[in-house]
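Peer 1: Data: data.txt, compact mmCIF, N, CA and C atoms.
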```
# COMPACT_ATOMS: atom_id res chain seq x y z
N MET A 1 193.52 154.22 123.24
CA MET A 1 193.39 153.08 122.34
C MET A 1 192.75 151.91 123.09
N GLU A 2 193.13 151.75 124.33
CA GLU A 2 192.58 150.66 125.16
C GLU A 2 191.07 150.86 125.35
N HIS A 3 190.68 152.12 125.52
CA HIS A 3 189.26 152.44 125.72
C HIS A 3 188.44 152.09 124.47
N LEU A 4 189.01 152.35 123.28
CA LEU A 4 188.34 152.05 122.02
C LEU A 4 188.16 150.54 121.84
N ASN A 5 189.18 149.76 122.16
CA ASN A 5 189.08 148.31 122.07
C ASN A 5 188.01 147.77 123.01
N GLN A 6 187.93 148.34 124.21
CA GLN A 6 186.92 147.91 125.17
C GLN A 6 185.52 148.20 124.65
N LEU A 7 185.34 149.36 123.99
CA LEU A 7 184.03 149.70 123.41
C LEU A 7 183.66 148.73 122.29
N PHE A 8 184.63 148.38 121.44
CA PHE A 8 184.34 147.42 120.36
C PHE A 8 183.97 146.05 120.91
N VAL A 9 184.65 145.61 121.94
CA VAL A 9 184.33 144.31 122.55
C VAL A 9 182.93 144.35 123.16
N GLU A 10 182.59 145.46 123.83
CA GLU A 10 181.27 145.59 124.43
C GLU A 10 180.18 145.65 123.37
N ALA A 11 180.44 146.36 122.28
CA ALA A 11 179.47 146.45 121.18
C ALA A 11 179.28 145.08 120.53
N GLY A 12 180.37 144.36 120.33
CA GLY A 12 180.26 143.02 119.73
C GLY A 12 179.51 142.07 120.64
N THR A 13 179.75 142.17 121.93
CA THR A 13 179.04 141.31 122.89
C THR A 13 177.55 141.60 122.89
N LEU A 14 177.19 142.89 122.88
CA LEU A 14 175.77 143.26 122.83
C LEU A 14 175.11 142.80 121.53
N MET A 15 175.83 142.94 120.43
CA MET A 15 175.28 142.51 119.15
C MET A 15 175.07 141.00 119.13
N LEU A 16 176.04 140.27 119.61
CA LEU A 16 175.93 138.81 119.64
C LEU A 16 174.80 138.36 120.56
N ALA A 17 174.69 139.00 121.72
CA ALA A 17 173.61 138.66 122.65
C ALA A 17 172.24 138.96 122.03
N GLY A 18 172.14 140.08 121.34
CA GLY A 18 170.88 140.44 120.68
C GLY A 18 170.51 139.46 119.58
N MET A 19 171.49 139.07 118.79
CA MET A 19 171.22 138.13 117.71
C MET A 19 170.80 136.77 118.26
N ILE A 20 171.45 136.33 119.33
CA ILE A 20 171.08 135.05 119.94
C ILE A 20 169.68 135.12 120.51
N PHE A 21 169.34 136.24 121.16
CA PHE A 21 168.00 136.41 121.72
C PHE A 21 166.94 136.36 120.63
N VAL A 22 167.15 137.11 119.54
CA VAL A 22 166.17 137.15 118.44
C VAL A 22 166.04 135.78 117.79
N PHE A 23 167.15 135.12 117.53
CA PHE A 23 167.12 133.80 116.91
C PHE A 23 166.37 132.80 117.79
N THR A 24 166.64 132.83 119.10
CA THR A 24 165.96 131.92 120.04
C THR A 24 164.48 132.23 120.10
N PHE A 25 164.13 133.51 120.19
CA PHE A 25 162.72 133.90 120.26
C PHE A 25 161.96 133.46 119.01
N LEU A 26 162.52 133.71 117.83
CA LEU A 26 161.84 133.33 116.59
C LEU A 26 161.73 131.81 116.47
N GLY A 27 162.77 131.10 116.86
CA GLY A 27 162.71 129.63 116.81
C GLY A 27 161.64 129.08 117.72
N LEU A 28 161.56 129.59 118.96
CA LEU A 28 160.51 129.14 119.88
C LEU A 28 159.12 129.51 119.38
N MET A 29 159.00 130.68 118.76
CA MET A 29 157.70 131.09 118.22
C MET A 29 157.26 130.15 117.09
N ILE A 30 158.17 129.76 116.23
CA ILE A 30 157.85 128.83 115.14
C ILE A 30 157.43 127.48 115.70
N ILE A 31 158.16 127.00 116.68
CA ILE A 31 157.80 125.71 117.30
C ILE A 31 156.43 125.80 117.95
N PHE A 32 156.17 126.88 118.68
CA PHE A 32 154.87 127.07 119.34
C PHE A 32 153.73 127.10 118.33
N ILE A 33 153.90 127.85 117.26
CA ILE A 33 152.85 127.97 116.24
C ILE A 33 152.59 126.61 115.60
N ASN A 34 153.64 125.86 115.28
CA ASN A 34 153.45 124.54 114.67
C ASN A 34 152.71 123.59 115.61
N VAL A 35 153.03 123.62 116.91
CA VAL A 35 152.35 122.75 117.88
C VAL A 35 150.88 123.13 117.97
N VAL A 36 150.59 124.42 118.05
CA VAL A 36 149.20 124.87 118.15
C VAL A 36 148.44 124.52 116.88
N LEU A 37 149.04 124.72 115.73
CA LEU A 37 148.36 124.42 114.47
C LEU A 37 148.10 122.92 114.30
N THR A 38 149.01 122.07 114.74
CA THR A 38 148.76 120.63 114.61
C THR A 38 147.61 120.21 115.52
N ARG A 39 147.53 120.79 116.71
CA ARG A 39 146.41 120.46 117.60
C ARG A 39 145.10 120.98 117.04
N LEU A 40 145.10 122.17 116.46
CA LEU A 40 143.88 122.72 115.87
C LEU A 40 143.48 121.94 114.62
N ALA A 41 144.45 121.46 113.87
CA ALA A 41 144.15 120.70 112.65
C ALA A 41 143.46 119.38 112.99
N VAL A 42 143.78 118.81 114.14
CA VAL A 42 143.11 117.57 114.55
C VAL A 42 141.68 117.87 114.97
N LYS A 43 141.47 118.98 115.68
CA LYS A 43 140.12 119.34 116.14
C LYS A 43 139.24 119.82 114.99
N PHE A 44 139.79 120.61 114.08
CA PHE A 44 139.03 121.21 112.99
C PHE A 44 139.65 120.84 111.65
N PRO A 45 139.38 119.63 111.16
CA PRO A 45 139.99 119.23 109.87
C PRO A 45 139.35 119.99 108.70
N ASP A 46 140.10 120.11 107.62
CA ASP A 46 139.58 120.75 106.42
C ASP A 46 138.58 119.85 105.74
N LYS A 47 137.58 120.48 105.11
CA LYS A 47 136.59 119.71 104.37
C LYS A 47 137.20 119.24 103.05
N VAL A 48 136.84 118.02 102.65
CA VAL A 48 137.31 117.48 101.38
C VAL A 48 136.26 117.80 100.33
N ILE A 49 136.66 118.48 99.29
CA ILE A 49 135.74 118.89 98.24
C ILE A 49 135.83 117.88 97.10
N GLN A 50 134.71 117.31 96.71
CA GLN A 50 134.67 116.37 95.60
C GLN A 50 134.65 117.15 94.29
N THR A 51 135.54 116.82 93.39
CA THR A 51 135.57 117.48 92.08
C THR A 51 135.27 116.46 91.00
N LYS A 52 134.67 116.96 89.94
CA LYS A 52 134.37 116.08 88.81
C LYS A 52 135.64 115.93 87.97
N PRO A 53 135.87 114.73 87.45
CA PRO A 53 137.06 114.57 86.60
C PRO A 53 136.91 115.39 85.31
N ALA A 54 138.00 115.94 84.86
CA ALA A 54 137.98 116.76 83.65
C ALA A 54 137.74 115.89 82.43
N ARG A 55 137.00 116.43 81.49
CA ARG A 55 136.77 115.71 80.23
C ARG A 55 138.06 115.73 79.43
N SER A 56 138.43 114.57 78.93
CA SER A 56 139.68 114.49 78.18
C SER A 56 139.52 114.93 76.73
N LYS A 57 138.32 114.76 76.17
CA LYS A 57 138.11 115.12 74.77
C LYS A 57 137.06 116.22 74.70
N GLN A 58 137.46 117.39 74.23
CA GLN A 58 136.52 118.47 74.02
C GLN A 58 136.61 118.91 72.58
N LYS A 59 135.48 119.12 71.97
CA LYS A 59 135.46 119.57 70.59
C LYS A 59 135.88 121.04 70.54
N THR A 60 136.57 121.41 69.46
CA THR A 60 137.03 122.79 69.34
C THR A 60 135.88 123.74 69.02
N THR A 61 134.81 123.25 68.45
CA THR A 61 133.68 124.11 68.12
C THR A 61 132.70 124.23 69.27
N GLN A 62 132.92 123.50 70.35
CA GLN A 62 132.02 123.52 71.50
C GLN A 62 132.20 124.84 72.26
N LYS A 63 131.10 125.34 72.79
CA LYS A 63 131.17 126.56 73.57
C LYS A 63 131.88 126.29 74.89
N ILE A 64 132.82 127.14 75.21
CA ILE A 64 133.55 127.03 76.48
C ILE A 64 133.14 128.23 77.32
N ASP A 65 132.61 127.98 78.49
CA ASP A 65 132.14 129.02 79.41
C ASP A 65 131.11 129.92 78.74
N GLY A 66 130.32 129.37 77.82
CA GLY A 66 129.23 130.12 77.21
C GLY A 66 129.65 131.00 76.05
N ILE A 67 130.91 131.01 75.64
CA ILE A 67 131.37 131.85 74.53
C ILE A 67 131.89 130.95 73.42
N SER A 68 131.35 131.15 72.24
CA SER A 68 131.78 130.31 71.11
C SER A 68 133.13 130.78 70.59
N PRO A 69 133.87 129.88 69.94
CA PRO A 69 135.18 130.27 69.37
C PRO A 69 135.06 131.35 68.30
N GLN A 70 133.94 131.36 67.57
CA GLN A 70 133.74 132.40 66.56
C GLN A 70 133.63 133.78 67.22
N MET A 71 132.97 133.84 68.39
CA MET A 71 132.83 135.10 69.09
C MET A 71 134.20 135.57 69.61
N VAL A 72 135.00 134.65 70.11
CA VAL A 72 136.34 134.99 70.58
C VAL A 72 137.18 135.54 69.44
N ALA A 73 137.09 134.90 68.26
CA ALA A 73 137.84 135.36 67.09
C ALA A 73 137.39 136.76 66.67
N ALA A 74 136.08 137.02 66.71
CA ALA A 74 135.58 138.34 66.33
C ALA A 74 136.05 139.42 67.30
N ILE A 75 136.02 139.13 68.57
CA ILE A 75 136.46 140.11 69.57
C ILE A 75 137.95 140.37 69.43
N THR A 76 138.73 139.31 69.21
CA THR A 76 140.18 139.46 69.03
C THR A 76 140.49 140.33 67.82
N SER A 77 139.77 140.10 66.73
CA SER A 77 139.98 140.88 65.52
C SER A 77 139.63 142.35 65.75
N ALA A 78 138.53 142.61 66.44
CA ALA A 78 138.12 143.99 66.71
C ALA A 78 139.14 144.71 67.59
N VAL A 79 139.64 144.03 68.59
CA VAL A 79 140.64 144.64 69.48
C VAL A 79 141.92 144.94 68.72
N THR A 80 142.34 144.02 67.84
CA THR A 80 143.55 144.23 67.05
C THR A 80 143.40 145.44 66.13
N GLN A 81 142.24 145.56 65.47
CA GLN A 81 142.00 146.71 64.59
C GLN A 81 142.00 148.01 65.38
N TYR A 82 141.39 148.01 66.55
CA TYR A 82 141.35 149.21 67.38
C TYR A 82 142.75 149.62 67.78
N ARG A 83 143.55 148.65 68.18
CA ARG A 83 144.92 148.97 68.61
C ARG A 83 145.74 149.54 67.45
N LYS A 84 145.57 148.97 66.26
CA LYS A 84 146.31 149.48 65.10
C LYS A 84 145.92 150.93 64.81
N GLN A 85 144.61 151.23 64.81
CA GLN A 85 144.15 152.59 64.55
C GLN A 85 144.63 153.53 65.65
N HIS A 86 144.57 153.08 66.89
CA HIS A 86 144.96 153.93 68.01
C HIS A 86 146.45 154.23 67.96
N ASN A 87 147.27 153.25 67.62
CA ASN A 87 148.71 153.46 67.53
C ASN A 87 149.06 154.39 66.37
N GLN A 88 148.32 154.30 65.24
CA GLN A 88 148.57 155.18 64.11
C GLN A 88 148.21 156.62 64.47
N ASN A 89 147.10 156.80 65.19
CA ASN A 89 146.71 158.15 65.61
C ASN A 89 147.74 158.75 66.55
N LEU A 90 148.32 157.95 67.42
CA LEU A 90 149.34 158.44 68.34
C LEU A 90 150.59 158.86 67.58
N SER A 91 151.00 158.07 66.58
CA SER A 91 152.21 158.41 65.84
C SER A 91 151.99 159.65 64.98
N ILE A 92 150.79 159.86 64.45
CA ILE A 92 150.50 161.07 63.66
C ILE A 92 150.52 162.29 64.56
N ASN A 93 149.94 162.17 65.76
CA ASN A 93 149.92 163.30 66.69
C ASN A 93 151.31 163.67 67.17
N LYS A 94 152.19 162.70 67.30
CA LYS A 94 153.55 162.96 67.77
C LYS A 94 154.37 163.70 66.72
N THR A 95 154.10 163.47 65.42
CA THR A 95 154.88 164.11 64.37
C THR A 95 154.46 165.54 64.13
N LYS A 96 153.28 165.93 64.57
CA LYS A 96 152.80 167.32 64.36
C LYS A 96 153.49 168.31 65.25
```
Kindly transcribe the structure held in the file into structure tokens.
Peer 2:
Amino acid sequence: MEHLNQLFVEAGTLMLAGMIFVFTFLGLMIIFINVVLTRLAVKFPDKVIQTKPARSKQKTTQKIDGISPQMVAAITSAVTQYRKQHNQNLSINKTK
């Protein structure tokens, strides 16, 4: 029984030492990476991209990305009809 207790104490000590080592290593690695990145950020700053302000008022009939709303409606209707026909064909085939 004494031998078993000694093994448990040794296993717990090894586990605790391993966890402390991993925690310390990861913490130092995070600190190192942050220090290196801050120094690199000073040397190589990111470029600032100028963007145009968004238009607040857009007409609903205006073409957006080159596609008119009528074309979007036609495509949506065609896809809906196709799906209805396709689903009906699947249900007919399943009942046979």
Peer 1: Identify, with DSSP run on backbone atoms, the residues in chain A assigned to helix (DSSP H, G or I), and express the list as a ChimeraX atom specification.
Peer 2: /A:2-43,69-95
Peer 1: Separation of CA of Phe23 in chain A and atom C of Ala41 in chain A, in Å?
Peer 2: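 Interatomic distance, CA of Phe23 in chain A to atom C of Ala41 in chain A: 28.0 Å.
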Peer 1: Listing only residues of range 19-69 of chain A within 12 Å of range 74-91 of chain A, what is the closest atom pair and its distance in Å (to one decimal) for each, using only C-alpha atoms, sorted by chain and residue number ascending, as JSON lines?
Peer 2:
```
{"residue": "A:Ile67", "atom": "CA", "partner": "A:Ile75", "partner_atom": "CA", "distance": 10.9}
{"residue": "A:Ser68", "atom": "CA", "partner": "A:Ala74", "partner_atom": "CA", "distance": 10.1}
{"residue": "A:Pro69", "atom": "CA", "partner": "A:Ala74", "partner_atom": "CA", "distance": 8.6}
```
